[in-house]
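Data first, discussion second: the structure below is written as C-alpha cells.
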There are 2 protein chains.
Amino acid sequence: MLRTHTCGELRLSDVGKQATLSGWVQRTRDKGSVLWVDLRDRYGITQLIFEEGKTAQELLEKARSIGREFVIQAEGAVVERLSKNDKIATGEIELKVSKLTILNTAKTPPFTIEDDTDGGDELRMKYRYLDLRRTPVRESLQLRHKMAQQTRAYLDSQNFIEVETPVLIKSTPEGARDFVVPSRIHHGEFYALPQSPQTFKQLLMVSGFDRYYQIVKCFRDEDLRADRQPEFTQIDCEMAFVTQEDILNTFEGLIRHLFKSVKGLDFASVPRMNYDEAMRLYGSDKPDTRFDMKFVEITPLTRGKNFQAFDSAEIVVGINAKGCAEYTRKQIDELTEYVKRPQIGAKGLVYVQYRSDGTIKSSVDKFYSADDLKQWAEKFGAQPGDLMLILSGSTDAARKQLNELRLLMGEKLGLRDKNKFSSLWVTDFPLLEWNEETKRYHAMHHPFTSPKPEDIKLLDTDPGKVRANAYDMVINGTEVGGGSIRIHDRPTQQMMFNHLGFTEEEAKKQFGFLMEAFEFGAPPHGGIAFGFDRLCSIFGGADSIRDFIAFPKNNAGKDVMIDSPSPISQEQLDELALLVKQTKK
Amino acid sequence: MLRTHTCGELRLSDVGKQATLSGWVQRTRDKGSVLWVDLRDRYGITQLIFEEGKTAQELLEKARSIGREFVIQAEGAVVERLSKNDKIATGEIELKVSKLTILNTAKTPPFTIEDDTDGGDELRMKYRYLDLRRTPVRESLQLRHKMAQQTRAYLDSQNFIEVETPVLIKSTPEGARDFVVPSRIHHGEFYALPQSPQTFKQLLMVSGFDRYYQIVKCFRDEDLRADRQPEFTQIDCEMAFVTQEDILNTFEGLIRHLFKSVKGLDFASVPRMNYDEAMRLYGSDKPDTRFDMKFVEITPLTRGKNFQAFDSAEIVVGINAKGCAEYTRKQIDELTEYVKRPQIGAKGLVYVQYRSDGTIKSSVDKFYSADDLKQWAEKFGAQPGDLMLILSGSTDAARKQLNELRLLMGEKLGLRDKNKFSSLWVTDFPLLEWNEETKRYHAMHHPFTSPKPEDIKLLDTDPGKVRANAYDMVINGTEVGGGSIRIHDRPTQQMMFNHLGFTEEEAKKQFGFLMEAFEFGAPPHGGIAFGFDRLCSIFGGADSIRDFIAFPKNNAGKDVMIDSPSPISQEQLDELALLVKQTKK
C-alpha cells in the first residue's frame, strides 16, 4: 500500500509514530518559515508541515512546487500541533514530512473542490469526477452505500432472498415508455429494458421463493422533468402467503430499521391513513405529515348568506394558519395570487383573520356576520392570532388547490424541516383512474393489483369507486414506495385486462406467460418497491436526487461527461439492420 | 401470514402444538384408511396426515380432491410420526390436519417437479417458473444469494464502498460488440449497455473513492456459444494507492472468505504462478491445479536418433499418467484420435509404457533404446506402472495440445472432482496479443492495463514480449476473475492507444474524458472483476452457469418464457425514427 494510514486516522495517541499518507492536496499555506499542506482523502484531512531550517532544502522546494489537487505521498513523524483544530478529527496532530513523492500532478480544476463550490451545474456534470471529490457529494454517496447495506441487512434478517432478474426483457405498451434494445441476431426484434421487475418477481412467487428482494436498476423513457432520471434504482420486494397487514408490518420494519441504523432515529410505528381520508384531510395522496394544519370543511356553515361562490360550491374547505392573523394585505394578496396561478387554478381565496384582540376580519364581511365567522373559527379550532384560509368549488379541485396552499404555508412557517421525518402509510387506493386523454380507465398502480373483494361488484357499474389492495409509503410528503396485493388467478387477471381495454389477444400476447403461470399453482402474494434514489435524498435532507447518484444524466437525458447518447457507426447500424430516418432530426 | 410455520421448521419438540402451514402439494399417497400429503415450500417438506374415521369425512374428501402442485393451507396438530423419515429435517413429525383450504389449484405441470425431472431443456426454459420449484435449481439460487451476501460482507469489512455506475452509457468499438439503445429524444443517437463499468470505476478512483465495488450486470452482444449469456453479472472492484501485491492479497482474502463462509473450507493462501510458467508447466493460462501432471520437456534427450518428428520439433513435451501403463492398444488409440481431432490438431501421439515388471514399451522403439527411454522416464519421474504421453512440434502448439490431453487424462483418472477446489493466481500476462484477422496487436486484457515499467522499452521493438501488470484468478481450471494495475497518466495512456492503432482523434472521441481526468490528479490504482455467474457455478460444483441464473436466455439469446426479443410497434419505431431493413430478415 502506498500509505500506512488514511488522512482521517491519526490522533494524539499516534504522536511519535512514523506514518505514510497518500492523498490530494486540498491547499497549501506558505508562511515563509513554515509551509503547511492539507492532505485530503476519502477519510479526512491531515495537515503536513515543512519547516525552513528543519526540513531539507530540496524537500522544501519540492513541497513548494505542488499545487491544488496534486496527488502526493508523504512520509514522516506524527507530531502534536501547536495550534489545534477542533473542527477535524485529526486536528490535534500534524505530519512532519521527511519524504515527499509526487504521485501525479494536476491541472487547475475548472471549479473549486470545496463544500460550496463556484462551479455551475453544467460544469460540475462535465467534470463529475472532480465534483465527486467534494465532501457533500461524497457523503451523499456514502449515505447511499449505508442505506443499501442496511436495507440488505434487514431483508436478509427477514429471510428474503436476493434474486437478479433480467435486464433484457420484452416491451409491453402498458405503463410508461420502454427503452428498447435492437437484436443483432433476430433482425427487427427488440429487447426492452425493465420499468420494474414486476412480472418476474411475481413469477418468483409462483416458483416458491416466497420472499424476494433486489436493489435493481429500472428504466423509463419518459419525457424528462427536473430531477427525473431515465435510469433509477428500486428496492424491489415481493412476499407470498401474506396479507396486506403482513406487508405493511414488514416494510414499516424496514423503514424503522433504516431510520435507526442510518440516522439514529427511533420511530415506534408508521401511522396509517386510507386514501379517502388523506384526500379529505390533506387533499393529497402523499400528505406531508411533518406538520398538522389539516383541512376543515365548513360547507353547511356557509350556506344561505348570498355569497354566491360558497353557495354554489360543492365544498368550502380551509386551513388554519396558526399565528398568521397579522399577515398584511400584501402577504394575503400574495397567497391569493399563488392559488390563482394556472397550475393551481383556484378562482380566489377567502381569508378570516382572528385577531389577537378577539375581533374578526375577513374578505367576506359583506356576507357573514361576526357571529357567523366565530362559528367558523370554532370549527377550525382557531385561536386569537390565527388566520383561516378558505377555498371553495368542486370537491376534488378545491382539495388539490388547498393542498398546494397548505404546503406553501408549511414552508413559510418553517414546518417542513429537512431534518425532521414523518412517515405515513396511505392505503386503499382506487383501483382505476379515468384518463381524459384516452377516455378510458387505467390501472392506478398497475394491472396486476387486486381489487378489494367487496368492491369487485362495482367494476361494471362504478369502476372509479373500486378500491384496491394498494398502499404507498410516504415520507415528508414524498411517495417513497408503493405496492399492492396482486391478483394470483387467471380469471381475475383476465377480467382486469378486459376492464383496462385489452383484447384477449393483446393480453395473451403481452402477459400470457404470467396468466399461464397462475394456472400452475400460484400462491397469494403481494409486494412493494421503494424508489431508492429518492429515499436516499430524503434521508440526506436534500431536495434533489442528483447528488445521490454517482453519474447522473442531465435533464435532457444526456451524460455530458462521456457524451452519451451519441451516434454509432454505420457498421453497427448495418449489423442491426437499422436505418435512422432523417426527417425528424 | 397464511402460515404459523414453514414446511422446514417443525420438530419433535413441537409435538402437541397447533400449526398452520402453506405450500405446494409435492405428492399424495392414499392407502385408503390413511392419506398422506407431502407439503413443500422453500424451506422443506412436511407430511400432512388425514385418517379415515378420525378426520371429518368432508375434510377427507377435500384432501382427496387435491392434485400435485395445488397450493394449500393446512391447519392442525403436530404429532409424532409412527414411521420416521431420517432423510428430511421434519421427518419425525407430521401434521394431523383439522382444516384445509385450497389457496389455488394447479394444472398438471408439463414436467415433474423432482430433483431429476423428465423435462428437456427447452420445456424447462419455457416454464422456468416451474423449473425453479425444483430443489437443485432453488438451491443453486440460494447459493448465489449467499455468495452475494458474503462478497458484500467481506468487501464492506475492508472499507469498500458500493457505488452504482450507469447502465445507459456510450458505445466504444474497442472490445466486444455493444448492445445499443436508441434515444427517442436525440434521434440517430444511441446509448450503449456497459460491457463492464471499467472507465467509471477508474473515474471513481480519480474522485477519491479509493475502494469501490459493485455486483453489477454487464452486457456483451457476442455470437452466442453454449453457456454464454448476453447479460451476466460481475463482482467489480477497484482500489487506489495500491500495488499489485495489495490487490492480490485483498482478493485472495475475498476468495478465502467465500470458501470459508459458503463451503466451510479453509485455504491458507492462493498459490501464484506467472504466465510463462503456467504455459510451460500446463500449456494454459488457466491451469486446472486440482491435479499435478505437470509438463515435462525432454527435447534434448530425443535429438539425433533419426526420429524425424522429434528432431525437427521445436519442443518435445509430455505428461506422466500415473498408473496407466497397462492401457490397452485401444485405449491409447483413443487418446491419439483425441489429440488428432481438428480442434486440437496434433500430428500424432508418442507413448512410453513403463510396465510394472520394469520393462519399457513405446511407440518409438524403432528409434530409441531401452536405455534412452529409461532416461526419459527418469526425467518424467515415472515409476513402474506409469504411462508417458508425449507430443512435439512448435512450442505454443504442442503445449496447447498437451493441455487438452492433460485435462482429458485428469478427467479419466477422476482427478477433477467438482467438490475439490484449487485456486491459483496467474500473473504477468502479456500486454498485447497478435490478432491474425486484423493483423495488429490488441490489448490482451484491455487498453487501460499498465505495462511493466521495465518492459516499456520493448513496445517499439518486440511488442509481444511486453508484460503487463495483469493477473487472473483461476479456480479448477476456470478463469473466475481478472484485473490489472491501470495506467493513470495521460502520456502513457495515449501511447497505449497509439500502439493499439487508435488515431489521436479516435482515442480522444472515445476516451477523451478519461484521459482528461488523468490530468486532474489521478492516483495510482488497479482492480479486478470476477465473473459472478461462473464463480457461483464452480462453488455449486456445476458445469453450466444456467441454473445459477434465475431467468437465463437460451443459446440463441432468447428468453423463450416471455418470448423476447420480439417485434415492437410501428409507433415505437416511429418515435425512435428507426426503420428496420427487410433485406437481412
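Ligands are numbered from 1 in the order shown, chains are lettered A, B, ... in the order of the C-alpha cells, and residues start at 1 in each chain.
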**OP:** Using backbone DSSP assignments, extract all helix (DSSP H, G or I) residues from region 24-199 of chain A; output them as an NGL selection string.
**Re:** :A and (57-65 or 121-126 or 128-131 or 135-157 or 198-199)
For the residues in the current selection, export C-alpha atoms as a compact mmCIF listing (two decimals), in the first residue's frame.
# COMPACT_ATOMS: atom_id res chain seq x y z
CA GLN A 57 16.04 22.42 1.38
CA GLU A 58 15.39 20.10 -1.54
CA LEU A 59 12.29 18.68 0.12
CA LEU A 60 11.06 22.14 0.96
CA GLU A 61 11.41 23.19 -2.65
CA LYS A 62 9.53 20.13 -3.78
CA ALA A 63 6.77 20.91 -1.28
CA ARG A 64 6.58 24.48 -2.63
CA SER A 65 6.19 23.11 -6.17
CA ASP A 121 -24.41 22.60 -12.72
CA GLU A 122 -23.23 22.15 -16.28
CA LEU A 123 -19.54 22.32 -15.36
CA ARG A 124 -19.97 20.06 -12.34
CA MET A 125 -21.65 17.43 -14.53
CA LYS A 126 -18.99 17.60 -17.24
CA ARG A 128 -18.33 14.88 -12.39
CA TYR A 129 -15.19 13.02 -11.27
CA LEU A 130 -13.98 16.31 -9.74
CA ASP A 131 -17.40 17.17 -8.33
CA THR A 135 -17.25 16.39 0.72
CA PRO A 136 -21.05 16.91 0.49
CA VAL A 137 -21.29 14.84 -2.71
CA ARG A 138 -19.00 12.13 -1.36
CA GLU A 139 -21.04 11.99 1.85
CA SER A 140 -24.27 11.65 -0.16
CA LEU A 141 -22.87 8.58 -1.90
CA GLN A 142 -21.56 7.19 1.37
CA LEU A 143 -25.06 7.60 2.80
CA ARG A 144 -26.43 5.71 -0.20
CA HIS A 145 -23.93 2.91 0.42
CA LYS A 146 -25.02 2.69 4.04
CA MET A 147 -28.69 2.70 3.04
CA ALA A 148 -28.06 -0.21 0.66
CA GLN A 149 -26.09 -2.15 3.27
CA GLN A 150 -28.75 -1.66 5.92
CA THR A 151 -31.58 -2.47 3.53
CA ARG A 152 -29.91 -5.77 2.75
CA ALA A 153 -29.11 -6.44 6.40
CA TYR A 154 -32.76 -6.02 7.37
CA LEU A 155 -34.18 -8.03 4.49
CA ASP A 156 -31.60 -10.79 4.96
CA SER A 157 -32.62 -10.97 8.62
CA GLN A 198 -42.86 -6.74 -11.72
CA THR A 199 -43.75 -9.85 -13.69
Original post:
Could you pull the residues within 10 Å of Met409 (chain B), counting only C-alpha atoms, minus those fewer than 2 positions along the same chain, as number ranges by chain?
Top reply: B: 293, 319-322, 324, 335, 403-407, 411-416
**OP:** Might you pull out every residue within 7 Å of region 280-290 of chain B, with only C-alpha atoms counted and same-chain residues fewer than 4 positions away left off, and present them as a PyMOL selection string?
**Re:** chain B and resi 275-276+294-295+399-400+402-403+415-416+421-422+426+474+476-479
Original post:
Pick from B:Ala240, B:Val364, B:Ala398, B:Ala382: nearest to chain A, with only C-alpha atoms counted?
Top reply: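 Looking at the shortest contact to chain A, the residue is B:Ala240.
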Original post:
Pro384 (chain A): which residues within 6 Å, counting only C-alpha atoms, same-chain residues fewer than 5 positions away excluded, as a ChimeraX atom specification?
Top reply: /A:354-356,358
Output file for the residues above (N, CA and C atoms, as a PDB file, in the first residue's frame):
ATOM      1  N   TYR A 354     -58.446  36.106  12.713  1.00  0.00           N
ATOM      2  CA  TYR A 354     -58.944  36.096  14.086  1.00  0.00           C
ATOM      3  C   TYR A 354     -57.892  36.827  14.898  1.00  0.00           C
ATOM      4  N   ARG A 355     -58.094  38.124  15.032  1.00  0.00           N
ATOM      5  CA  ARG A 355     -57.025  38.967  15.569  1.00  0.00           C
ATOM      6  C   ARG A 355     -56.775  38.715  17.045  1.00  0.00           C
ATOM      7  N   SER A 356     -55.594  39.094  17.486  1.00  0.00           N
ATOM      8  CA  SER A 356     -55.180  38.867  18.880  1.00  0.00           C
ATOM      9  C   SER A 356     -56.160  39.516  19.854  1.00  0.00           C
ATOM     10  N   GLY A 358     -59.250  39.551  19.617  1.00  0.00           N
ATOM     11  CA  GLY A 358     -60.512  38.818  19.630  1.00  0.00           C
ATOM     12  C   GLY A 358     -61.463  39.217  18.519  1.00  0.00           C
TER      13      GLY A 358
END
Original post:
B:Arg42, B:Lys553, B:Lys420, B:His499: which is nearest chain A, counting only C-alpha atoms?
Top reply: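 Going through B:Arg42, B:Lys553, B:Lys420, B:His499 one by one, the smallest distance to chain A is for B:Arg42.
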Original post:
If you run DSSP on this backbone, which residues of region 318-547 of chain B come out as strand (DSSP E), and could you give them as a ChimeraX atom specification?
Top reply: /B:318-321,350-354,360-362,386-393,423-427,432-435,440-443,470-475,478-485,525-531
Subject >> Polymer residues at most 12 Å from Arg133 (chain A), only C-alpha atoms, same-chain spacing of 4 or more positions, as a VMD selection string >> reply: (chain A and resid 23 to 26 40 to 44 69 109 111 to 115 117 124 127 to 129 137 to 141 547 550) or (chain B and resid 203 to 210 520 to 522)
Original post:
Which of these residues is nearest to chain A, using only C-alpha atoms: B:Phe367, B:Phe259, B:Tyr212, B:Phe539?
Top reply: B:Tyr212
**OP:** Find the residues near Gln494 (chain A): any atom within 8 Å, counting only C-alpha atoms, skip ones fewer than 2 places away on the same chain, and give them as a list in words.
**Re:**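 Result of the neighbour search: Arg490, Pro491, Thr492, Met496, Phe497, Asn498, Glu504, Ala507 and Met515 of chain A.
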Residues of the last selection are to be written out with N, CA and C atoms, as an mmCIF file, in the first residue's frame.
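Done, and the output landed in result.cif:
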data_model
loop_
_atom_site.group_PDB
_atom_site.id
_atom_site.type_symbol
_atom_site.label_atom_id
_atom_site.label_comp_id
_atom_site.auth_asym_id
_atom_site.auth_seq_id
_atom_site.Cartn_x
_atom_site.Cartn_y
_atom_site.Cartn_z
ATOM 1 N N ARG A 490 -55.968 -16.690 -12.839
ATOM 2 C CA ARG A 490 -56.140 -16.271 -14.231
ATOM 3 C C ARG A 490 -57.463 -15.556 -14.497
ATOM 4 N N PRO A 491 -58.602 -16.084 -13.999
ATOM 5 C CA PRO A 491 -59.867 -15.404 -14.323
ATOM 6 C C PRO A 491 -59.892 -13.945 -13.867
ATOM 7 N N THR A 492 -59.418 -13.674 -12.650
ATOM 8 C CA THR A 492 -59.425 -12.286 -12.172
ATOM 9 C C THR A 492 -58.493 -11.428 -13.013
ATOM 10 N N MET A 496 -59.446 -8.172 -15.215
ATOM 11 C CA MET A 496 -58.793 -6.862 -15.095
ATOM 12 C C MET A 496 -58.332 -6.359 -16.460
ATOM 13 N N PHE A 497 -57.709 -7.250 -17.224
ATOM 14 C CA PHE A 497 -57.256 -6.836 -18.553
ATOM 15 C C PHE A 497 -58.445 -6.375 -19.405
ATOM 16 N N ASN A 498 -59.555 -7.091 -19.305
ATOM 17 C CA ASN A 498 -60.753 -6.671 -20.042
ATOM 18 C C ASN A 498 -61.154 -5.252 -19.646
ATOM 19 N N GLU A 504 -58.506 -9.893 -25.675
ATOM 20 C CA GLU A 504 -57.995 -11.148 -25.134
ATOM 21 C C GLU A 504 -56.651 -11.493 -25.785
ATOM 22 N N ALA A 507 -53.805 -9.243 -24.375
ATOM 23 C CA ALA A 507 -53.453 -9.683 -23.023
ATOM 24 C C ALA A 507 -52.602 -10.937 -23.098
ATOM 25 N N MET A 515 -50.257 -15.235 -16.996
ATOM 26 C CA MET A 515 -51.574 -15.830 -16.763
ATOM 27 C C MET A 515 -51.484 -17.348 -16.779
#
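Using only C-alpha atoms, the shortest contact distance between chain A and any of B:Leu391, B:Ala529, B:Ile72, B:Ala56 is found at B:Ile72.
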Original post:
Between CA of Phe551 (chain A) and CA of Asp221 (chain A), what is the spacing in Å?
Top reply: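 Computing it gives 17.8 Å between the two atoms.
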**OP:** Find the residue from A:Arg225, A:Arg272, A:Lys107, A:Lys379 that sits nearest to chain B; use only C-alpha atoms when measuring.
**Re:**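 Nearest to chain B: A:Lys107.
Here CA of His488 (chain A) is placed at a distance of 6.0 Å from CA of Phe518 (chain A).
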